[in-house]
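Quick look at my_file_22.tsv (TSV, C-alpha atoms):
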chain	number	residue	atom	x	y	z
A	1	MET	CA	23.62	-3.37	-31.30
A	2	LYS	CA	24.39	-6.27	-29.00
A	3	PRO	CA	21.53	-8.72	-28.32
A	4	ARG	CA	21.68	-7.63	-24.69
A	5	HIS	CA	21.02	-4.00	-25.64
A	6	LYS	CA	18.25	-5.10	-27.95
A	7	ARG	CA	16.52	-6.97	-25.13
A	8	ILE	CA	16.86	-3.96	-22.81
A	9	ALA	CA	15.31	-1.77	-25.50
A	10	ILE	CA	12.44	-4.23	-25.98
A	11	ILE	CA	11.78	-4.35	-22.21
A	12	ALA	CA	11.88	-0.55	-21.90
A	13	GLY	CA	9.62	-0.15	-24.93
A	14	GLY	CA	7.21	-2.77	-23.63
A	15	LEU	CA	7.01	-1.13	-20.22
A	16	ALA	CA	6.40	2.28	-21.79
A	17	ALA	CA	3.63	0.86	-23.98
A	18	ILE	CA	1.94	-0.86	-21.03
A	19	GLY	CA	2.27	2.30	-18.96
A	20	ILE	CA	0.64	4.43	-21.65
A	21	ALA	CA	-2.13	1.87	-22.17
A	22	ALA	CA	-2.81	1.74	-18.41
A	23	ALA	CA	-2.86	5.54	-18.21
A	24	LEU	CA	-5.40	5.75	-21.05
A	25	VAL	CA	-7.64	3.06	-19.54
A	26	LEU	CA	-7.57	4.65	-16.09
A	27	ASN	CA	-8.27	8.05	-17.59
A	28	ALA	CA	-11.31	6.66	-19.40
A	29	LEU	CA	-12.52	4.91	-16.26
A	30	ASP	CA	-11.91	7.99	-14.14
A	31	SER	CA	-15.36	8.65	-12.70
A	32	ASN	CA	-16.09	4.93	-12.27
A	33	ILE	CA	-13.07	4.39	-10.06
A	34	ALA	CA	-14.04	7.18	-7.66
A	35	LEU	CA	-15.62	5.73	-4.53
A	36	TYR	CA	-18.01	8.61	-4.04
A	37	VAL	CA	-19.32	11.82	-5.58
A	38	THR	CA	-19.28	15.18	-3.84
A	39	PRO	CA	-22.45	17.20	-3.08
A	40	SER	CA	-21.45	19.65	-5.84
A	41	GLU	CA	-21.30	16.81	-8.34
A	42	VAL	CA	-24.75	15.67	-7.19
A	43	ALA	CA	-26.06	19.20	-7.75
A	44	ALA	CA	-24.51	19.15	-11.23
A	45	GLY	CA	-26.46	15.97	-11.99
A	46	LYS	CA	-23.46	13.67	-12.05
A	47	ALA	CA	-24.95	11.21	-9.55
A	48	PRO	CA	-26.48	7.99	-10.92
A	49	LYS	CA	-30.30	8.10	-10.90
A	50	ASP	CA	-32.51	5.38	-9.39
A	51	LYS	CA	-29.42	3.62	-8.15
A	52	ALA	CA	-27.63	3.49	-4.83
A	53	PHE	CA	-24.44	5.55	-4.80
A	54	ARG	CA	-22.05	7.15	-2.32
A	55	ILE	CA	-21.68	10.78	-1.36
A	56	GLY	CA	-18.53	11.98	0.39
A	57	GLY	CA	-17.93	15.21	2.25
A	58	MET	CA	-17.76	16.84	5.64
A	59	VAL	CA	-20.42	16.45	8.29
A	60	ARG	CA	-21.48	20.08	8.82
A	61	GLU	CA	-20.84	21.48	12.30
A	62	GLY	CA	-23.98	21.47	14.44
A	63	SER	CA	-26.00	19.50	11.92
A	64	ILE	CA	-26.24	16.13	13.74
A	65	LYS	CA	-29.73	15.61	15.14
A	66	ARG	CA	-30.70	12.33	16.76
A	67	ASP	CA	-34.26	11.09	16.59
A	68	GLY	CA	-34.34	7.77	18.44
A	69	VAL	CA	-32.02	5.46	16.52
A	70	THR	CA	-32.27	7.60	13.39
A	71	VAL	CA	-29.60	10.22	12.86
A	72	ASN	CA	-30.05	13.24	10.64
A	73	PHE	CA	-27.09	15.28	9.50
A	74	VAL	CA	-25.86	17.38	6.60
A	75	VAL	CA	-23.00	16.40	4.30
A	76	THR	CA	-21.26	19.37	2.73
A	77	ASP	CA	-18.30	20.13	0.51
A	78	THR	CA	-18.51	23.77	1.66
A	79	VAL	CA	-20.26	24.72	-1.62
A	80	LYS	CA	-23.31	22.43	-1.77
A	81	GLU	CA	-25.06	20.51	0.99
A	82	ILE	CA	-27.15	17.37	1.16
A	83	PRO	CA	-29.31	16.36	4.15
A	84	VAL	CA	-28.91	12.71	5.12
A	85	SER	CA	-30.93	10.35	7.33
A	86	TYR	CA	-29.46	7.15	8.61
A	87	THR	CA	-30.74	4.44	10.93
A	88	GLY	CA	-28.06	2.27	12.47
A	89	ILE	CA	-24.72	2.21	14.22
A	90	LEU	CA	-22.23	4.97	13.44
A	91	PRO	CA	-18.46	4.36	13.36
A	92	ASP	CA	-16.31	5.81	16.17
A	93	LEU	CA	-14.70	8.46	14.02
A	94	PHE	CA	-18.01	9.84	12.76
A	95	LYS	CA	-18.00	13.41	14.07
A	96	GLU	CA	-19.14	16.88	13.14
A	97	GLY	CA	-16.57	18.70	11.05
A	98	LYS	CA	-14.99	15.39	9.94
A	99	GLY	CA	-15.17	13.51	6.68
A	100	ALA	CA	-17.82	10.87	6.02
A	101	VAL	CA	-18.92	8.70	3.11
A	102	VAL	CA	-22.59	7.74	2.99
A	103	GLN	CA	-24.13	5.10	0.75
A	104	GLY	CA	-27.79	5.11	-0.16
A	105	LYS	CA	-30.40	6.67	-2.42
A	106	LEU	CA	-31.35	10.23	-3.11
A	107	GLY	CA	-35.09	10.84	-2.63
A	108	THR	CA	-37.15	13.14	-4.84
A	109	ASP	CA	-37.31	15.63	-1.96
A	110	GLY	CA	-33.51	15.98	-2.07
A	111	ARG	CA	-33.03	14.01	1.16
A	112	PHE	CA	-30.48	11.22	1.02
A	113	THR	CA	-31.45	8.02	2.83
A	114	ALA	CA	-28.28	6.20	3.79
A	115	SER	CA	-27.99	2.46	4.29
A	116	GLU	CA	-24.33	2.69	5.32
A	117	VAL	CA	-22.26	5.46	6.88
A	118	LEU	CA	-18.45	5.31	6.84
A	119	ALA	CA	-16.11	7.71	8.60
A	120	LYS	CA	-13.30	9.05	6.46
A	121	HIS	CA	-10.19	9.58	8.51
A	122	ASP	CA	-7.71	12.31	7.60
A	123	GLU	CA	-3.95	11.88	7.39
A	124	ASN	CA	-3.22	13.66	10.67
A	125	TYR	CA	-1.88	11.68	13.60
A	126	MET	CA	-1.22	13.63	16.78
A	127	PRO	CA	-1.46	13.26	20.54
A	128	PRO	CA	-4.44	14.88	22.37
A	129	ALA	CA	-2.30	17.72	23.80
A	130	ALA	CA	-1.11	18.73	20.34
A	131	LYS	CA	-4.69	18.49	19.06
A	132	ASP	CA	-5.82	20.91	21.79
A	133	ALA	CA	-3.06	23.33	20.85
A	134	VAL	CA	-4.09	23.22	17.19
A	135	ASP	CA	-7.75	23.79	18.10
A	136	GLN	CA	-6.84	26.72	20.38
A	137	ALA	CA	-4.74	28.29	17.65
A	138	GLN	CA	-7.56	27.97	15.15
A	139	LYS	CA	-10.02	29.51	17.60
A	140	ALA	CA	-7.66	32.40	18.28
A	141	GLN	CA	-7.30	33.01	14.57
A	142	LYS	CA	-11.07	33.04	14.14
A	143	THR	CA	-11.57	35.62	16.92
A	144	LEU	CA	-8.86	37.80	15.38
A	145	LYS	CA	-10.78	37.89	12.15
B	1	MET	CA	36.14	0.37	-16.15
B	2	ASN	CA	36.42	-3.11	-17.54
B	3	ASN	CA	37.44	-4.41	-14.15
B	4	LYS	CA	34.27	-3.11	-12.52
B	5	ILE	CA	32.01	-4.94	-14.94
B	6	ILE	CA	33.87	-8.19	-14.38
B	7	ASN	CA	33.50	-7.74	-10.63
B	8	TRP	CA	29.74	-7.27	-10.86
B	9	PHE	CA	29.31	-10.36	-12.95
B	10	LYS	CA	31.40	-12.34	-10.51
B	11	PHE	CA	28.71	-11.88	-7.85
B	12	ALA	CA	26.05	-12.77	-10.40
B	13	SER	CA	27.33	-16.34	-10.43
B	14	PRO	CA	25.51	-18.53	-7.91
B	15	GLN	CA	28.81	-20.09	-6.87
B	16	SER	CA	30.25	-16.84	-5.48
B	17	PHE	CA	26.89	-15.47	-4.34
B	18	TYR	CA	26.07	-18.51	-2.19
B	19	PRO	CA	28.82	-18.05	0.44
B	20	LEU	CA	28.52	-14.24	0.31
B	21	ALA	CA	24.80	-14.44	1.11
B	22	GLY	CA	25.58	-16.94	3.86
B	23	ARG	CA	27.94	-14.44	5.50
B	24	MET	CA	25.45	-11.54	5.16
B	25	ILE	CA	22.36	-13.27	6.55
B	26	PRO	CA	23.29	-13.18	10.30
B	27	TRP	CA	23.97	-9.43	10.06
B	28	PHE	CA	20.57	-8.75	8.58
B	29	TRP	CA	18.92	-10.88	11.27
B	30	ALA	CA	20.79	-8.89	13.93
B	31	LEU	CA	19.62	-5.60	12.39
B	32	THR	CA	16.08	-6.98	12.22
B	33	ALA	CA	16.17	-7.78	15.94
B	34	ILE	CA	17.55	-4.36	16.89
B	35	PHE	CA	15.07	-2.39	14.79
B	36	THR	CA	12.13	-4.56	15.87
B	37	VAL	CA	12.85	-4.13	19.58
B	38	ALA	CA	13.41	-0.38	19.22
B	39	GLY	CA	10.42	0.03	16.92
B	40	LEU	CA	8.00	-1.94	19.06
B	41	TRP	CA	9.19	-0.18	22.21
B	42	ILE	CA	8.54	3.25	20.70
B	43	SER	CA	5.28	2.04	19.14
B	44	PHE	CA	3.78	0.75	22.35
B	45	PHE	CA	5.45	2.64	25.21
B	46	VAL	CA	6.68	5.98	23.87
B	47	ALA	CA	4.32	7.04	21.10
B	48	PRO	CA	1.35	9.00	22.48
B	49	THR	CA	-2.29	8.04	22.08
B	50	ASP	CA	-3.89	9.56	19.00
B	51	ALA	CA	-6.33	12.42	19.61
B	52	GLN	CA	-9.10	10.97	17.45
B	53	GLN	CA	-8.49	7.26	17.14
B	54	GLY	CA	-7.32	6.45	20.65
B	55	GLU	CA	-5.10	3.38	20.96
B	56	GLY	CA	-6.46	1.75	17.82
B	57	TYR	CA	-4.19	3.81	15.62
B	58	ARG	CA	-1.19	1.75	16.78
B	59	ILE	CA	-1.94	-0.78	14.06
B	60	ILE	CA	-0.24	1.63	11.64
B	61	PHE	CA	3.10	0.52	13.10
B	62	ILE	CA	2.53	-2.79	11.31
B	63	HIS	CA	0.16	-1.69	8.56
B	64	VAL	CA	2.18	1.11	7.01
B	65	PRO	CA	5.58	-0.67	6.98
B	66	ALA	CA	3.92	-3.80	5.56
B	67	SER	CA	2.23	-1.75	2.82
B	68	TRP	CA	5.45	0.08	1.95
B	69	MET	CA	7.39	-3.16	1.80
B	70	SER	CA	4.73	-4.89	-0.30
B	71	MET	CA	5.20	-2.20	-2.95
B	72	PHE	CA	8.97	-1.87	-2.59
B	73	ILE	CA	9.60	-5.62	-2.75
B	74	TYR	CA	7.54	-5.76	-5.93
B	75	LEU	CA	9.71	-3.07	-7.51
B	76	VAL	CA	12.87	-4.98	-6.54
B	77	LEU	CA	11.32	-8.20	-7.85
B	78	ALA	CA	10.46	-6.51	-11.15
B	79	PHE	CA	13.98	-5.07	-11.30
B	80	TRP	CA	15.55	-8.52	-10.93
B	81	ALA	CA	13.05	-9.94	-13.41
B	82	GLY	CA	13.94	-7.28	-15.99
B	83	LEU	CA	17.65	-7.79	-15.38
B	84	GLY	CA	17.22	-11.53	-15.86
B	85	LEU	CA	15.41	-11.02	-19.16
B	86	ALA	CA	17.92	-8.49	-20.43
B	87	LEU	CA	21.22	-10.06	-19.34
B	88	ASN	CA	20.22	-13.71	-19.08
B	89	THR	CA	21.83	-14.04	-15.66
B	90	ARG	CA	20.74	-17.06	-13.67
B	91	LEU	CA	20.86	-15.36	-10.28
B	92	SER	CA	18.33	-12.66	-11.24
B	93	GLY	CA	15.52	-15.16	-11.66
B	94	MET	CA	16.45	-16.83	-8.40
B	95	MET	CA	16.33	-13.48	-6.56
B	96	ALA	CA	12.93	-12.70	-8.03
B	97	GLN	CA	11.65	-16.11	-6.99
B	98	ALA	CA	13.14	-15.65	-3.50
B	99	LEU	CA	11.44	-12.28	-2.99
B	100	ALA	CA	7.92	-13.23	-4.10
B	101	PRO	CA	6.66	-15.07	-0.97
B	102	THR	CA	7.88	-12.28	1.34
B	103	GLY	CA	6.18	-9.71	-0.86
B	104	ALA	CA	2.96	-11.70	-0.81
B	105	LEU	CA	3.19	-11.92	2.99
B	106	MET	CA	3.60	-8.12	3.23
B	107	ALA	CA	0.65	-7.49	0.91
B	108	PHE	CA	-1.49	-9.89	2.92
B	109	LEU	CA	-0.45	-8.26	6.22
B	110	SER	CA	-1.27	-4.86	4.79
B	111	LEU	CA	-4.77	-5.94	3.73
B	112	TRP	CA	-5.43	-7.87	6.93
B	113	THR	CA	-4.31	-5.18	9.40
B	114	GLY	CA	-6.10	-2.61	7.27
B	115	ALA	CA	-9.35	-4.52	7.63
B	116	PHE	CA	-8.86	-4.72	11.41
B	117	TRP	CA	-8.33	-0.97	11.54
B	118	GLY	CA	-11.13	-0.21	9.10
B	119	LYS	CA	-13.87	-1.92	11.07
B	120	PRO	CA	-13.73	0.29	14.19
B	121	MET	CA	-12.52	3.48	12.45
B	122	TRP	CA	-14.37	3.59	9.14
B	123	GLY	CA	-17.18	1.26	10.11
B	124	THR	CA	-16.37	-1.40	7.51
B	125	TRP	CA	-13.85	-4.20	7.00
B	126	TRP	CA	-13.57	-3.62	3.30
B	127	VAL	CA	-14.60	-1.13	0.68
B	128	TRP	CA	-13.88	-1.28	-3.05
B	129	ASP	CA	-12.02	1.98	-3.26
B	130	ALA	CA	-9.03	2.48	-5.54
B	131	ARG	CA	-6.35	2.09	-2.83
B	132	LEU	CA	-7.72	-1.12	-1.33
B	133	THR	CA	-8.56	-2.70	-4.67
B	134	SER	CA	-5.15	-1.97	-6.22
B	135	GLU	CA	-3.40	-3.40	-3.14
B	136	LEU	CA	-5.54	-6.54	-3.47
B	137	ILE	CA	-4.46	-6.77	-7.12
B	138	LEU	CA	-0.84	-6.53	-5.93
B	139	PHE	CA	-1.46	-9.50	-3.63
B	140	PHE	CA	-2.92	-11.45	-6.57
B	141	LEU	CA	0.08	-10.49	-8.71
B	142	TYR	CA	2.42	-12.03	-6.13
B	143	ILE	CA	0.28	-15.16	-5.93
B	144	GLY	CA	0.10	-15.31	-9.73
B	145	PHE	CA	3.87	-14.92	-10.02
B	146	ILE	CA	4.49	-17.71	-7.52
B	147	ALA	CA	1.93	-19.99	-9.17
B	148	LEU	CA	3.21	-19.35	-12.70
B	149	GLN	CA	6.80	-20.07	-11.71
B	150	ALA	CA	5.78	-23.21	-9.87
B	151	ALA	CA	3.72	-24.44	-12.82
B	152	ILE	CA	6.66	-24.53	-15.25
B	153	ASP	CA	9.17	-27.33	-14.68
B	154	ASP	CA	12.18	-25.85	-16.51
B	155	PRO	CA	13.47	-23.15	-14.12
B	156	ARG	CA	14.89	-20.95	-16.91
B	157	ARG	CA	11.55	-20.93	-18.71
B	158	ALA	CA	9.75	-20.40	-15.42
B	159	ASP	CA	11.98	-17.37	-14.76
B	160	LYS	CA	11.20	-15.87	-18.15
B	161	ALA	CA	7.44	-16.36	-17.88
B	162	GLY	CA	7.45	-15.01	-14.32
B	163	ALA	CA	9.61	-12.05	-15.33
B	164	ILE	CA	7.14	-10.95	-18.00
B	165	LEU	CA	4.26	-11.18	-15.51
B	166	ALA	CA	6.29	-9.25	-12.93
B	167	LEU	CA	7.17	-6.48	-15.40
B	168	VAL	CA	3.62	-6.08	-16.67
B	169	GLY	CA	2.35	-5.99	-13.07
B	170	ALA	CA	4.80	-3.22	-12.18
B	171	VAL	CA	2.31	-0.77	-13.71
B	172	ASN	CA	0.16	-1.39	-10.62
B	173	ILE	CA	2.71	0.08	-8.18
B	174	PRO	CA	2.33	3.76	-9.11
B	175	ILE	CA	-1.43	3.18	-9.26
B	176	ILE	CA	-1.42	1.99	-5.64
B	177	TYR	CA	0.82	4.82	-4.52
B	178	PHE	CA	-1.06	7.64	-6.22
B	179	SER	CA	-4.58	6.17	-5.96
B	180	VAL	CA	-5.42	8.37	-2.97
B	181	LYS	CA	-4.43	11.46	-4.96
B	182	TRP	CA	-6.03	10.59	-8.29
B	183	TRP	CA	-9.45	9.45	-7.13
B	184	ASN	CA	-11.92	9.87	-4.30
B	185	THR	CA	-11.06	7.07	-1.91
B	186	LEU	CA	-12.10	6.16	1.61
B	187	HIS	CA	-8.45	5.53	2.41
B	188	GLN	CA	-6.78	8.69	3.68
B	189	GLY	CA	-3.96	10.43	1.86
B	190	SER	CA	-0.37	9.72	2.82
B	191	SER	CA	0.75	11.08	6.17
B	192	VAL	CA	4.44	10.91	5.35
B	193	ASN	CA	6.38	12.24	2.42
B	194	LEU	CA	9.85	13.65	1.91
B	195	ALA	CA	8.81	17.27	2.34
B	196	LYS	CA	6.75	17.07	5.52
B	197	SER	CA	4.69	14.67	7.55
B	198	SER	CA	1.39	15.25	9.29
B	199	MET	CA	2.29	13.01	12.17
B	200	ALA	CA	3.66	13.51	15.67
B	201	GLN	CA	7.45	12.99	15.82
B	202	THR	CA	7.54	9.92	18.05
B	203	MET	CA	4.78	8.22	16.06
B	204	LEU	CA	6.78	8.83	12.90
B	205	TRP	CA	9.96	7.44	14.48
B	206	GLY	CA	8.15	4.31	15.60
B	207	MET	CA	6.82	3.78	12.11
B	208	LEU	CA	10.17	4.38	10.40
B	209	LEU	CA	11.97	2.00	12.78
B	210	MET	CA	9.35	-0.66	12.14
B	211	ALA	CA	9.75	-0.09	8.39
B	212	LEU	CA	13.52	-0.61	8.75
B	213	ALA	CA	12.87	-3.79	10.76
B	214	PHE	CA	10.56	-5.12	8.03
B	215	TRP	CA	13.13	-4.17	5.40
B	216	MET	CA	15.99	-5.99	7.13
B	217	TYR	CA	13.72	-9.00	7.73
B	218	ALA	CA	12.78	-9.08	4.05
B	219	ILE	CA	16.47	-9.06	3.01
B	220	ALA	CA	17.42	-11.77	5.52
B	221	VAL	CA	14.56	-14.04	4.49
B	222	ALA	CA	15.03	-13.44	0.75
B	223	LEU	CA	18.75	-14.24	0.97
B	224	THR	CA	18.04	-17.43	2.94
B	225	ARG	CA	15.47	-18.45	0.35
B	226	ALA	CA	17.83	-17.58	-2.51
B	227	ARG	CA	20.45	-19.91	-1.01
B	228	ALA	CA	17.91	-22.71	-0.83
B	229	ILE	CA	16.94	-22.08	-4.46
B	230	ILE	CA	20.60	-22.16	-5.52
B	231	LEU	CA	21.09	-25.47	-3.74
B	232	GLU	CA	18.08	-26.91	-5.50
B	233	ARG	CA	18.74	-25.60	-9.00
B	234	GLU	CA	22.52	-26.14	-9.07
B	235	ARG	CA	22.46	-29.50	-7.37
B	236	HIS	CA	24.12	-31.20	-10.36
B	237	THR	CA	27.21	-29.00	-10.20
B	238	GLU	CA	30.49	-30.02	-8.61
B	239	TRP	CA	30.72	-27.07	-6.21
B	240	ILE	CA	27.33	-27.84	-4.66
B	241	LYS	CA	28.44	-31.40	-4.08
B	242	GLU	CA	31.47	-29.90	-2.28
B	243	VAL	CA	29.24	-27.58	-0.18
B	244	VAL	CA	26.77	-30.25	0.80
B	245	ARG	CA	29.34	-32.89	1.64
Here is a file; write its structure as structure tokens.
Amino acid sequence: MKPRHKRIAIIAGGLAAIGIAAALVLNALDSNIALYVTPSEVAAGKAPKDKAFRIGGMVREGSIKRDGVTVNFVVTDTVKEIPVSYTGILPDLFKEGKGAVVQGKLGTDGRFTASEVLAKHDENYMPPAAKDAVDQAQKAQKTLK
Amino acid sequence: MNNKIINWFKFASPQSFYPLAGRMIPWFWALTAIFTVAGLWISFFVAPTDAQQGEGYRIIFIHVPASWMSMFIYLVLAFWAGLGLALNTRLSGMMAQALAPTGALMAFLSLWTGAFWGKPMWGTWWVWDARLTSELILFFLYIGFIALQAAIDDPRRADKAGAILALVGAVNIPIIYFSVKWWNTLHQGSSVNLAKSSMAQTMLWGMLLMALAFWMYAIAVALTRARAIILERERHTEWIKEVVR
């Protein structure tokens, strides 16, 4: 074995070892790296108690109700739902049927009081005309059903 | 077979690489100019307004190429670093050193433009989600690499120390790339992959052209910097004295 080959082997071995170590660490940290929990995870008791945390999901269609500067809406992951109240300015992309991440505390009555609301954008980029076409197609499909 | 190996090592010597790089640099600058003009034109005049984000989405024409390049340059840097450790070639360390500032610039641009986009769209400049945090770590890795190399006076030792840092840090690249798949993040999933893209055609073209422009720019700048590093490190040799005279 030439010294050059030995060094290559050491580098490859070292990289593999670091990679495995990183994978194990990240695996162990899994739930702590996640930015938010889903409503289902909250229902399963996975949310931290007496501590502010974030819930992520869709804003349910037709659930936004404004009461002065306070906004009430429902965050859902299509299985479980959590009602949320928030007082403050909402981001532009906050819309019904779109993703949102809310930070705050869960009250004993099951209502989540948010101190911060973030809109979660999806990976779709399209012009308005194409968006209309997609919406029309979805509507048509719904009526067919 | 033997001939090929000898040829490769010929270009690994700073003396033959220096003039070669000098001849290549103008071409890469020309390509940068062409792709930048075409990319910016499509980005601002051809690509349609986004249905949800309005005009604000156009920041992706800088943000996405900068993010891609920040990761890609790191992989190239780590490749040169590993090659330098394994084969003990002088040029490898110089290439790694030449790439680092451009990579750091790309990582910074990615974070900065991302913050500008995040404020109006998400409602926050910054959030500690896995994608943003790992990209910030990448920026620190570049800064750390530059600082470590600069802190050691002997360039060969500096190369070795930097190379080990670069190789260890390479673990971060797949973490950045897959972070949006592995964990819940505020950052959206990738819009473009080899199979399909969830993006209008012209938007995609604008982004790809801008990515090519950034790529060509990175090569041109890295080669220019590599030449400067060669001049500095090999200044005691006869051939440099010939070049400079």
Could you list, as a PDB file with C-alpha atoms, keeping the file's coordinate frame, the residues of chain A having an atom within 6 Å of chain B when counting all atoms listed in the file?
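Saved as result.pdb:
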ATOM      1  CA  ARG A   4      21.680  -7.630 -24.690  1.00  0.00           C
ATOM      2  CA  ARG A   7      16.520  -6.970 -25.130  1.00  0.00           C
ATOM      3  CA  ILE A   8      16.860  -3.960 -22.810  1.00  0.00           C
ATOM      4  CA  ALA A  34     -14.040   7.180  -7.660  1.00  0.00           C
ATOM      5  CA  LEU A  35     -15.620   5.730  -4.530  1.00  0.00           C
ATOM      6  CA  PRO A  91     -18.460   4.360  13.360  1.00  0.00           C
ATOM      7  CA  ASP A  92     -16.310   5.810  16.170  1.00  0.00           C
ATOM      8  CA  LEU A  93     -14.700   8.460  14.020  1.00  0.00           C
ATOM      9  CA  LEU A 118     -18.450   5.310   6.840  1.00  0.00           C
ATOM     10  CA  ALA A 119     -16.110   7.710   8.600  1.00  0.00           C
ATOM     11  CA  LYS A 120     -13.300   9.050   6.460  1.00  0.00           C
ATOM     12  CA  HIS A 121     -10.190   9.580   8.510  1.00  0.00           C
ATOM     13  CA  ASP A 122      -7.710  12.310   7.600  1.00  0.00           C
ATOM     14  CA  GLU A 123      -3.950  11.880   7.390  1.00  0.00           C
ATOM     15  CA  ASN A 124      -3.220  13.660  10.670  1.00  0.00           C
ATOM     16  CA  TYR A 125      -1.880  11.680  13.600  1.00  0.00           C
ATOM     17  CA  MET A 126      -1.220  13.630  16.780  1.00  0.00           C
ATOM     18  CA  PRO A 127      -1.460  13.260  20.540  1.00  0.00           C
ATOM     19  CA  PRO A 128      -4.440  14.880  22.370  1.00  0.00           C
TER      20      PRO A 128
END
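Taking CA of Met210 in chain B and CA of Phe61 in chain B as endpoints, the distance between them is 6.4 Å.
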Considering all atoms listed in the file, state which residue in the set A:Gly14, A:Gly104, A:Gly99, A:Pro39 is at the smallest distance from Asp77 in chain A.
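Of A:Gly14, A:Gly104, A:Gly99, A:Pro39, the one nearest Asp77 in chain A, counting all atoms listed in the file, is A:Pro39.
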Would you mind reading off the distance between CA of Ala151 in chain B and CA of Ser70 in chain B, one decimal, in Å?
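So the two atoms, CA of Ala151 in chain B and CA of Ser70 in chain B, lie 23.2 Å apart.
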Exercise: Val37 in chain A partners within 7 Å, all atoms listed in the file, chain neighbours under 6 positions left out, as a PyMOL selection string
chain A and resi 47+54-56
Enter the distance from CA of Asp154 in chain B to CA of Arg23 in chain B, in Å, rounded to one decimal.
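Between CA of Asp154 in chain B and CA of Arg23 in chain B the gap works out to 29.4 Å.
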Need to verify the contact set: Ser63 in chain A, 12 Å, all atoms listed in the file, exclusion of same-chain residues closer than 5 positions in sequence. Can you return it as a ChimeraX atom specification?
/A:58,71-76,81-85,95-98
I'd like the neighbourhood of Ala98 in chain B as a PyMOL selection string, where a residue qualifies if any of its atoms comes within 6 Å (using only C-alpha atoms), though same-chain residues fewer than 4 positions away should be ignored.
chain B and resi 222+225-226
Written file, previous selection with C-alpha atoms, as a short mmCIF file (atom, residue, chain, number, x, y, z; two decimals), in the coordinates of the input:
data_model
loop_
_atom_site.label_atom_id
_atom_site.label_comp_id
_atom_site.auth_asym_id
_atom_site.auth_seq_id
_atom_site.Cartn_x
_atom_site.Cartn_y
_atom_site.Cartn_z
CA ALA B 222 15.03 -13.44 0.75
CA ARG B 225 15.47 -18.45 0.35
CA ALA B 226 17.83 -17.58 -2.51
#
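Of the listed residues (B:Ser110, B:Ser92, B:Ser134, B:Gln97), B:Gln97 comes nearest to Ala228 in chain B; the distances count all atoms listed in the file.
All residues of protein, DNA or RNA that reach within 12 Å of Glu242 in chain B, judged by all atoms listed in the file and not counting those fewer than 5 positions away in the chain, are Gln15, Leu231, Glu234, Arg235, His236 and Thr237 of chain B.
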Polymer residues at most 9 Å from Val69 in chain A, all atoms listed in the file, same-chain spacing of 5 or more positions, as a PyMOL selection string
chain A and resi 86-89
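Between Thr36 in chain B and the residues B:Ile62, B:Met95, B:Ile219, B:Ile176, the shortest atom-to-atom distance, using only C-alpha atoms, involves B:Ile62.
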